[in-house]
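Trainee: Mind looking over this structure? Questions follow.
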Amino acid sequence: MSEIPTLPAAVLNALQQIVGDDKVRLDDESRSTFGKDWTKVYAPSPSAIVFPKTIEQVQAIVRLANEHHIALVPSGGRTGLSAGAVAANGEVVVAFDYMSQISDFDPVDRTVVCQAGVITEQLQIYAEEQGLYYPVDFASSGSSQIGGNISTNAGGIKVIKYGMTRDWVAGLKVVTGNGDIVDLNRGLMKNNAGYDLRQLFIGAEGTLGFVVEATMRLSRQPGNLTALVLGVPEFSAIMEVLNTFQAEMDLTAFEFFSEKALQKVVAHQDLQRPFETEAEFYALLEFENNNEETEALAMTLFERCMEEGWVLDGTMSQSIEQLNNLWRLREDISETISQWTPYKNDISTVISKIPDFLTEVEAVVNKEYPDFEIIWFGHIGDGNVHLNILKPDHVAKDVFFEQCHVVSTWVFEIVEKYRGSVSAEHGVGMTKKAFLPYSRSETEIALMKQVKQVFDPNGVMNPGKIFD
Ligand SMILES: O=C(O)CC[C@@H](O)C(=O)O
Ligand SMILES: [Zn+2]
């Protein structure tokens with residue numbers, strides 16, 4: 001851990017007065033834990049960690065930061081993959097762990113109020129207890145917090161049916177960079193009274209203000225979710241499978257992963273292959289299996305795909321345990337491959353162009369770095385693929401990341417050509433900011449900077465994220 005960047009004594013005292021002595025931490029372990037997210041690229045170096053308990057305390061911290069020009073970094077579950085919540089430059093980290101209350105559930109509106117530090121799984125369980133469902137889900141649901149999910153507009157594995165976090169935010173309380181508290185949209189379904197400022201803060205990575213409370217929508221519980229895993233010989237066939245199923249059924253998920261990804265997961269987790277047949281890729285489909293006709297239809301479509309040669313083999317879950325195990329083949333990939341210090345890209349284009357896009361990206365990486373192993377997986381149903389390049393053992397971490405940075409330039413030239421996104425769901429943070437111009441025009445970036453100026457004129461809110 002680096003030396004503690006010093007905070008002026010007056011600021012430290014003021015922080016202690018705002019949140020209490022025991023809610024300001026300066027020790028190495030806390031600075032290392034709370035100063036970073038799941039990205040392994042930057043060394044954490046915050047000057048202090050503060051744990052507010054109330055919205056007013058957050059407001060007082062932001063006002064103090066403005067007065068003394070102190071940079072603040074918000075910290076939720078720190079599961080981000082773009083270094084959006086990294087404090088590498090002596091910033092004060094504002095951690096929301098003590099703001100984790102759920103309240104004001106309304107069964108008619110089907111909304112519930114969450115403080116920023118509510119963990120995603122906590123909300124999912126709460127919804128279930130009310131006979132309802134919070135559908136935004138991903139592998140890190142056990143640690144990610146609602147405030148972070150909103151600030152990154154988290155997506156996950158059910159976007160094809162339920163959309164992203166943005167679609168579930170009915171109201172938002174934010175402390176802006178000016179230190180104002182704004183209460184946006186008030187949980188309303190219809191509200192066309194001027195600009196919808198709520199949307200600006202969703203996905204803003206804490207650069208305009210800190211989300212302190214959100215009114216979240218809940219949905220009806222899905223019935224008898226059932227997964228199909230299908231082995232597909234080539235990538236283009238995945239699109240035929242997607243078309244075939246979507247033309248006749250509502251899917252709750254359509255994900256994919258490669259044989260290489262499957263081999264790694266099966267070797268490192270307590271899981272079996274879905275079937276013995278090897279295929280280059282696998283599609284994981286999920287649907288509500290509410291009656292015999294639906295199941296029969298799924299089987300008919302599966303057989304049609306086999307006859308066409310788009311699918312080599314497949315299996316369908318028959319119990320919740322089997323459903324969960326099939327899901328783990330997909331959801332455990334990210335954690336499994338983390339031991340190879342992967343270089344991550346989270347890219348998208350329109351769904352129809354994904355096969356050509358993926359072929360071009362793979363060709364460029366293979367040509368320039370033939371000894372790099374590529375692991376493909378992702379959310380094919382919404383045009384978002386994850387490209388993970390694994391670090392070869394013999395290459396040092398910093399050399400590897402430098403080489404990958406060069407690779408990224410080529411990858412993002414292809415992204416630009418396909419009018420895609422350099423960050424489909426993980427946000428820009430620090431890792432992707434150099435590449436923002438590949439998917440945002442100069443005018444767009446200039447407008448974003450003007451918006452930042454309006455809400456955070458002194459640049460204290462998560463500076464150095466999204467752009468400099
Ligand atoms: O680790 C990754 O590259 C992706 C993580 C996550 O977005 C997923 O879809 O599993
Ligand atoms: Zn993902």
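In the structure tokens, chains take letters A, B, ... by order of appearance, with residues numbered from 1 within each chain and ligands from 1 in the order shown.
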If the limit is 9 Å from any atom of ligand 1, counting only C-alpha atoms and all ligand atoms, which residues qualify? Return them as a PyMOL selection string.
Mentor: chain A and resi 80-81+138-140+154-157+255+330-335+337-338+342-346+376-379+384-388+425-426
Trainee: For Ala446 (chain A), find every residue with an atom within 12 Å (counting only C-alpha atoms), except residues of its own chain fewer than 5 positions away, and show them as a PyMOL selection string.
Mentor: chain A and resi 436-437+440-441+451-453+467-468
Trainee: Can you list, as a ChimeraX atom specification, every protein, DNA or RNA residue that comes within 8 Å of region 190-204 of chain A when you count only C-alpha atoms, leaving out same-chain residues fewer than 5 positions away?
Mentor: /A:150-154,166,171-172,184-185,209,211,427
Trainee: For region 28-35 of chain A, work out the shell of residues within 6 Å, counting only C-alpha atoms and skipping chain neighbours fewer than 2 positions away, then give it as a list in words.
Mentor: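 Contacts, with the query itself left out: Pro44, Pro46, Val86 and Ala87 of chain A.
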Trainee: Would you give me, as a PyMOL selection string, the residues in region 278-350 of chain A that DSSP reads as strand (DSSP E or B)?
Mentor: chain A and resi 281-288+313-316+343-348
Trainee: I need the residue nearest ligand 2 from this list: A:Phe96, A:Phe256, A:Phe275, A:Tyr162. Use only C-alpha atoms and all ligand atoms for the distance.
Mentor: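 Of all the options, A:Phe256 lies closest to ligand 2.
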Trainee: Among region 239-322 of chain A, which ones does DSSP place in alpha helix (DSSP H), written as a PyMOL selection string?
Mentor: chain A and resi 239-248+259-268+292-307+320-322
Trainee: Next, the residues of the selection above should be written as a short mmCIF file (atom, residue, chain, number, x, y, z; two decimals), in the first residue's frame with N, CA and C atoms.
Mentor:
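Dumped everything to out.cif:
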```cif
data_model
loop_
_atom_site.label_atom_id
_atom_site.label_comp_id
_atom_site.auth_asym_id
_atom_site.auth_seq_id
_atom_site.Cartn_x
_atom_site.Cartn_y
_atom_site.Cartn_z
N MET A 239 -27.35 -16.99 -34.23
CA MET A 239 -28.34 -15.99 -34.63
C MET A 239 -29.59 -16.66 -35.21
N GLU A 240 -29.37 -17.79 -35.92
CA GLU A 240 -30.52 -18.53 -36.46
C GLU A 240 -31.34 -19.10 -35.30
N VAL A 241 -30.65 -19.58 -34.28
CA VAL A 241 -31.36 -20.13 -33.11
C VAL A 241 -32.15 -19.01 -32.43
N LEU A 242 -31.52 -17.86 -32.28
CA LEU A 242 -32.20 -16.71 -31.64
C LEU A 242 -33.47 -16.35 -32.43
N ASN A 243 -33.32 -16.26 -33.76
CA ASN A 243 -34.48 -15.93 -34.61
C ASN A 243 -35.60 -16.94 -34.46
N THR A 244 -35.20 -18.21 -34.53
CA THR A 244 -36.19 -19.29 -34.49
C THR A 244 -37.00 -19.24 -33.20
N PHE A 245 -36.31 -19.07 -32.08
CA PHE A 245 -37.03 -19.06 -30.80
C PHE A 245 -37.80 -17.77 -30.60
N GLN A 246 -37.16 -16.64 -30.93
CA GLN A 246 -37.84 -15.37 -30.65
C GLN A 246 -39.08 -15.15 -31.52
N ALA A 247 -39.10 -15.79 -32.69
CA ALA A 247 -40.26 -15.63 -33.55
C ALA A 247 -41.50 -16.24 -32.91
N GLU A 248 -41.30 -17.22 -32.00
CA GLU A 248 -42.48 -17.92 -31.48
C GLU A 248 -42.61 -17.93 -29.97
N GLU A 259 -16.69 -22.83 -26.19
CA GLU A 259 -16.20 -24.10 -25.63
C GLU A 259 -15.02 -23.84 -24.69
N LYS A 260 -14.16 -22.87 -25.06
CA LYS A 260 -13.00 -22.57 -24.19
C LYS A 260 -13.48 -22.09 -22.83
N ALA A 261 -14.52 -21.25 -22.83
CA ALA A 261 -15.07 -20.75 -21.56
C ALA A 261 -15.64 -21.91 -20.76
N LEU A 262 -16.37 -22.79 -21.44
CA LEU A 262 -16.98 -23.93 -20.75
C LEU A 262 -15.90 -24.81 -20.12
N GLN A 263 -14.84 -25.08 -20.89
CA GLN A 263 -13.78 -25.96 -20.36
C GLN A 263 -13.18 -25.38 -19.09
N LYS A 264 -12.97 -24.06 -19.08
CA LYS A 264 -12.35 -23.44 -17.90
C LYS A 264 -13.30 -23.53 -16.70
N VAL A 265 -14.59 -23.27 -16.94
CA VAL A 265 -15.54 -23.29 -15.82
C VAL A 265 -15.65 -24.71 -15.25
N VAL A 266 -15.76 -25.70 -16.13
CA VAL A 266 -15.92 -27.08 -15.66
C VAL A 266 -14.66 -27.55 -14.92
N ALA A 267 -13.49 -27.07 -15.38
CA ALA A 267 -12.24 -27.49 -14.72
C ALA A 267 -12.08 -26.83 -13.35
N HIS A 268 -12.68 -25.66 -13.15
CA HIS A 268 -12.41 -24.93 -11.90
C HIS A 268 -13.60 -24.82 -10.96
N GLU A 292 -47.86 -27.15 -20.60
CA GLU A 292 -47.29 -28.20 -21.46
C GLU A 292 -47.07 -27.72 -22.88
N GLU A 293 -47.96 -26.85 -23.36
CA GLU A 293 -47.82 -26.36 -24.75
C GLU A 293 -46.51 -25.60 -24.92
N THR A 294 -46.18 -24.78 -23.92
CA THR A 294 -44.94 -24.00 -24.03
C THR A 294 -43.73 -24.93 -24.09
N GLU A 295 -43.74 -25.93 -23.22
CA GLU A 295 -42.60 -26.86 -23.22
C GLU A 295 -42.54 -27.62 -24.55
N ALA A 296 -43.71 -28.03 -25.06
CA ALA A 296 -43.74 -28.77 -26.33
C ALA A 296 -43.22 -27.87 -27.47
N LEU A 297 -43.61 -26.58 -27.42
CA LEU A 297 -43.14 -25.64 -28.45
C LEU A 297 -41.61 -25.50 -28.39
N ALA A 298 -41.09 -25.37 -27.17
CA ALA A 298 -39.63 -25.26 -27.02
C ALA A 298 -38.94 -26.49 -27.62
N MET A 299 -39.50 -27.66 -27.36
CA MET A 299 -38.90 -28.90 -27.90
C MET A 299 -38.96 -28.92 -29.43
N THR A 300 -40.11 -28.47 -29.98
CA THR A 300 -40.26 -28.44 -31.44
C THR A 300 -39.21 -27.51 -32.06
N LEU A 301 -39.03 -26.36 -31.45
CA LEU A 301 -38.07 -25.39 -31.99
C LEU A 301 -36.64 -25.93 -31.90
N PHE A 302 -36.37 -26.58 -30.78
CA PHE A 302 -35.06 -27.21 -30.58
C PHE A 302 -34.82 -28.25 -31.68
N GLU A 303 -35.83 -29.09 -31.95
CA GLU A 303 -35.67 -30.11 -33.00
C GLU A 303 -35.47 -29.47 -34.38
N ARG A 304 -36.23 -28.39 -34.62
CA ARG A 304 -36.07 -27.70 -35.91
C ARG A 304 -34.62 -27.21 -36.07
N CYS A 305 -34.09 -26.66 -35.00
CA CYS A 305 -32.69 -26.16 -35.05
C CYS A 305 -31.71 -27.31 -35.28
N MET A 306 -32.00 -28.48 -34.71
CA MET A 306 -31.13 -29.65 -34.92
C MET A 306 -31.20 -30.07 -36.39
N GLU A 307 -32.42 -30.14 -36.93
CA GLU A 307 -32.59 -30.55 -38.34
C GLU A 307 -31.84 -29.61 -39.28
N ILE A 320 -35.24 -26.81 -10.41
CA ILE A 320 -34.55 -25.55 -10.09
C ILE A 320 -33.05 -25.79 -9.96
N GLU A 321 -32.70 -26.94 -9.40
CA GLU A 321 -31.27 -27.23 -9.23
C GLU A 321 -30.57 -27.31 -10.60
N GLN A 322 -31.23 -28.00 -11.54
CA GLN A 322 -30.64 -28.08 -12.89
C GLN A 322 -30.60 -26.71 -13.56
#
```
Trainee: Sorted by chain and rising residue number, which residues of region 399-435 of chain A lie within 12 Å of region 460-463 of chain A, and what are their closest atom pairs and distances in Å to one decimal, counting only C-alpha atoms, as a tab-separated table?
Mentor:
```
residue	atom	partner	partner_atom	distance
A:Gly429	CA	A:Asn462	CA	9.3
A:Met430	CA	A:Pro463	CA	9.8
A:Lys433	CA	A:Pro463	CA	11.9
```
Trainee: Would you please work out which residue, of A:Val159, A:Ile354, A:Val407, A:Ala10, is nearest to ligand 2 when using only C-alpha atoms and all ligand atoms?
Mentor: A:Val159
Trainee: Compile the contact shell of Ile102 (chain A) as number ranges by chain: residues with an atom at most 9 Å away, counting only C-alpha atoms, same-chain residues fewer than 4 positions apart removed.
Mentor: A: 112-115, 118, 122-123, 126
Trainee: Smallest atom-to-atom distance to ligand 2: which of A:Ile351, A:Val136, A:Ile445, A:Leu358, using only C-alpha atoms and all ligand atoms?
Mentor: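 Nearest candidate to ligand 2 out of A:Ile351, A:Val136, A:Ile445, A:Leu358: A:Val136.
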Trainee: Would you mind reading off the distance between CA of Leu15 (chain A) and CA of Thr39 (chain A), one decimal, in Å?
Mentor: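 Atom-to-atom, CA of Leu15 (chain A) to CA of Thr39 (chain A), that is 28.0 Å.
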Trainee: Which residues come within 12 Å of Ala363 (chain A), counting only C-alpha atoms, excluding same-chain residues fewer than 4 positions away, as a VMD selection string?
Mentor: chain A and resid 356 to 359 367 to 370 372 374 407 410 to 411 414
Trainee: Okay, now the selection with N, CA and C atoms, as a PDB file, in the first residue's frame?
Mentor:
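The result, written out as again33.pdb:
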```pdb
ATOM      1  N   ASP A 356     -20.514 -10.909 -37.855  1.00  0.00           N
ATOM      2  CA  ASP A 356     -19.415 -10.325 -38.641  1.00  0.00           C
ATOM      3  C   ASP A 356     -18.463  -9.541 -37.740  1.00  0.00           C
ATOM      4  N   PHE A 357     -19.051  -8.841 -36.807  1.00  0.00           N
ATOM      5  CA  PHE A 357     -18.296  -8.025 -35.847  1.00  0.00           C
ATOM      6  C   PHE A 357     -17.326  -8.915 -35.056  1.00  0.00           C
ATOM      7  N   LEU A 358     -17.866 -10.003 -34.533  1.00  0.00           N
ATOM      8  CA  LEU A 358     -17.062 -10.914 -33.717  1.00  0.00           C
ATOM      9  C   LEU A 358     -15.941 -11.561 -34.546  1.00  0.00           C
ATOM     10  N   THR A 359     -16.262 -11.939 -35.782  1.00  0.00           N
ATOM     11  CA  THR A 359     -15.243 -12.556 -36.646  1.00  0.00           C
ATOM     12  C   THR A 359     -14.102 -11.567 -36.898  1.00  0.00           C
ATOM     13  N   LYS A 367      -4.260 -12.320 -35.303  1.00  0.00           N
ATOM     14  CA  LYS A 367      -3.180 -11.984 -36.232  1.00  0.00           C
ATOM     15  C   LYS A 367      -2.017 -11.332 -35.478  1.00  0.00           C
ATOM     16  N   GLU A 368      -2.355 -10.380 -34.638  1.00  0.00           N
ATOM     17  CA  GLU A 368      -1.289  -9.607 -33.990  1.00  0.00           C
ATOM     18  C   GLU A 368      -0.689 -10.333 -32.783  1.00  0.00           C
ATOM     19  N   TYR A 369      -1.515 -11.049 -32.052  1.00  0.00           N
ATOM     20  CA  TYR A 369      -1.021 -11.732 -30.853  1.00  0.00           C
ATOM     21  C   TYR A 369      -1.494 -13.181 -30.843  1.00  0.00           C
ATOM     22  N   PRO A 370      -0.877 -14.027 -31.687  1.00  0.00           N
ATOM     23  CA  PRO A 370      -1.378 -15.399 -31.817  1.00  0.00           C
ATOM     24  C   PRO A 370      -1.318 -16.203 -30.518  1.00  0.00           C
ATOM     25  N   PHE A 372      -2.194 -15.114 -27.573  1.00  0.00           N
ATOM     26  CA  PHE A 372      -3.211 -14.674 -26.610  1.00  0.00           C
ATOM     27  C   PHE A 372      -4.436 -15.579 -26.716  1.00  0.00           C
ATOM     28  N   ILE A 374      -8.339 -16.139 -26.290  1.00  0.00           N
ATOM     29  CA  ILE A 374      -9.547 -15.306 -26.226  1.00  0.00           C
ATOM     30  C   ILE A 374     -10.697 -16.120 -25.664  1.00  0.00           C
ATOM     31  N   VAL A 407      -4.093  -3.530 -28.682  1.00  0.00           N
ATOM     32  CA  VAL A 407      -5.137  -4.369 -29.277  1.00  0.00           C
ATOM     33  C   VAL A 407      -6.471  -3.621 -29.244  1.00  0.00           C
ATOM     34  N   TRP A 410      -7.322  -1.383 -32.098  1.00  0.00           N
ATOM     35  CA  TRP A 410      -7.822  -2.059 -33.315  1.00  0.00           C
ATOM     36  C   TRP A 410      -9.257  -2.534 -33.101  1.00  0.00           C
ATOM     37  N   VAL A 411      -9.491  -3.080 -31.900  1.00  0.00           N
ATOM     38  CA  VAL A 411     -10.848  -3.570 -31.614  1.00  0.00           C
ATOM     39  C   VAL A 411     -11.841  -2.419 -31.735  1.00  0.00           C
ATOM     40  N   ILE A 414     -12.886  -1.346 -35.101  1.00  0.00           N
ATOM     41  CA  ILE A 414     -13.969  -2.210 -35.633  1.00  0.00           C
ATOM     42  C   ILE A 414     -15.300  -1.798 -34.993  1.00  0.00           C
TER      43      ILE A 414
END
```
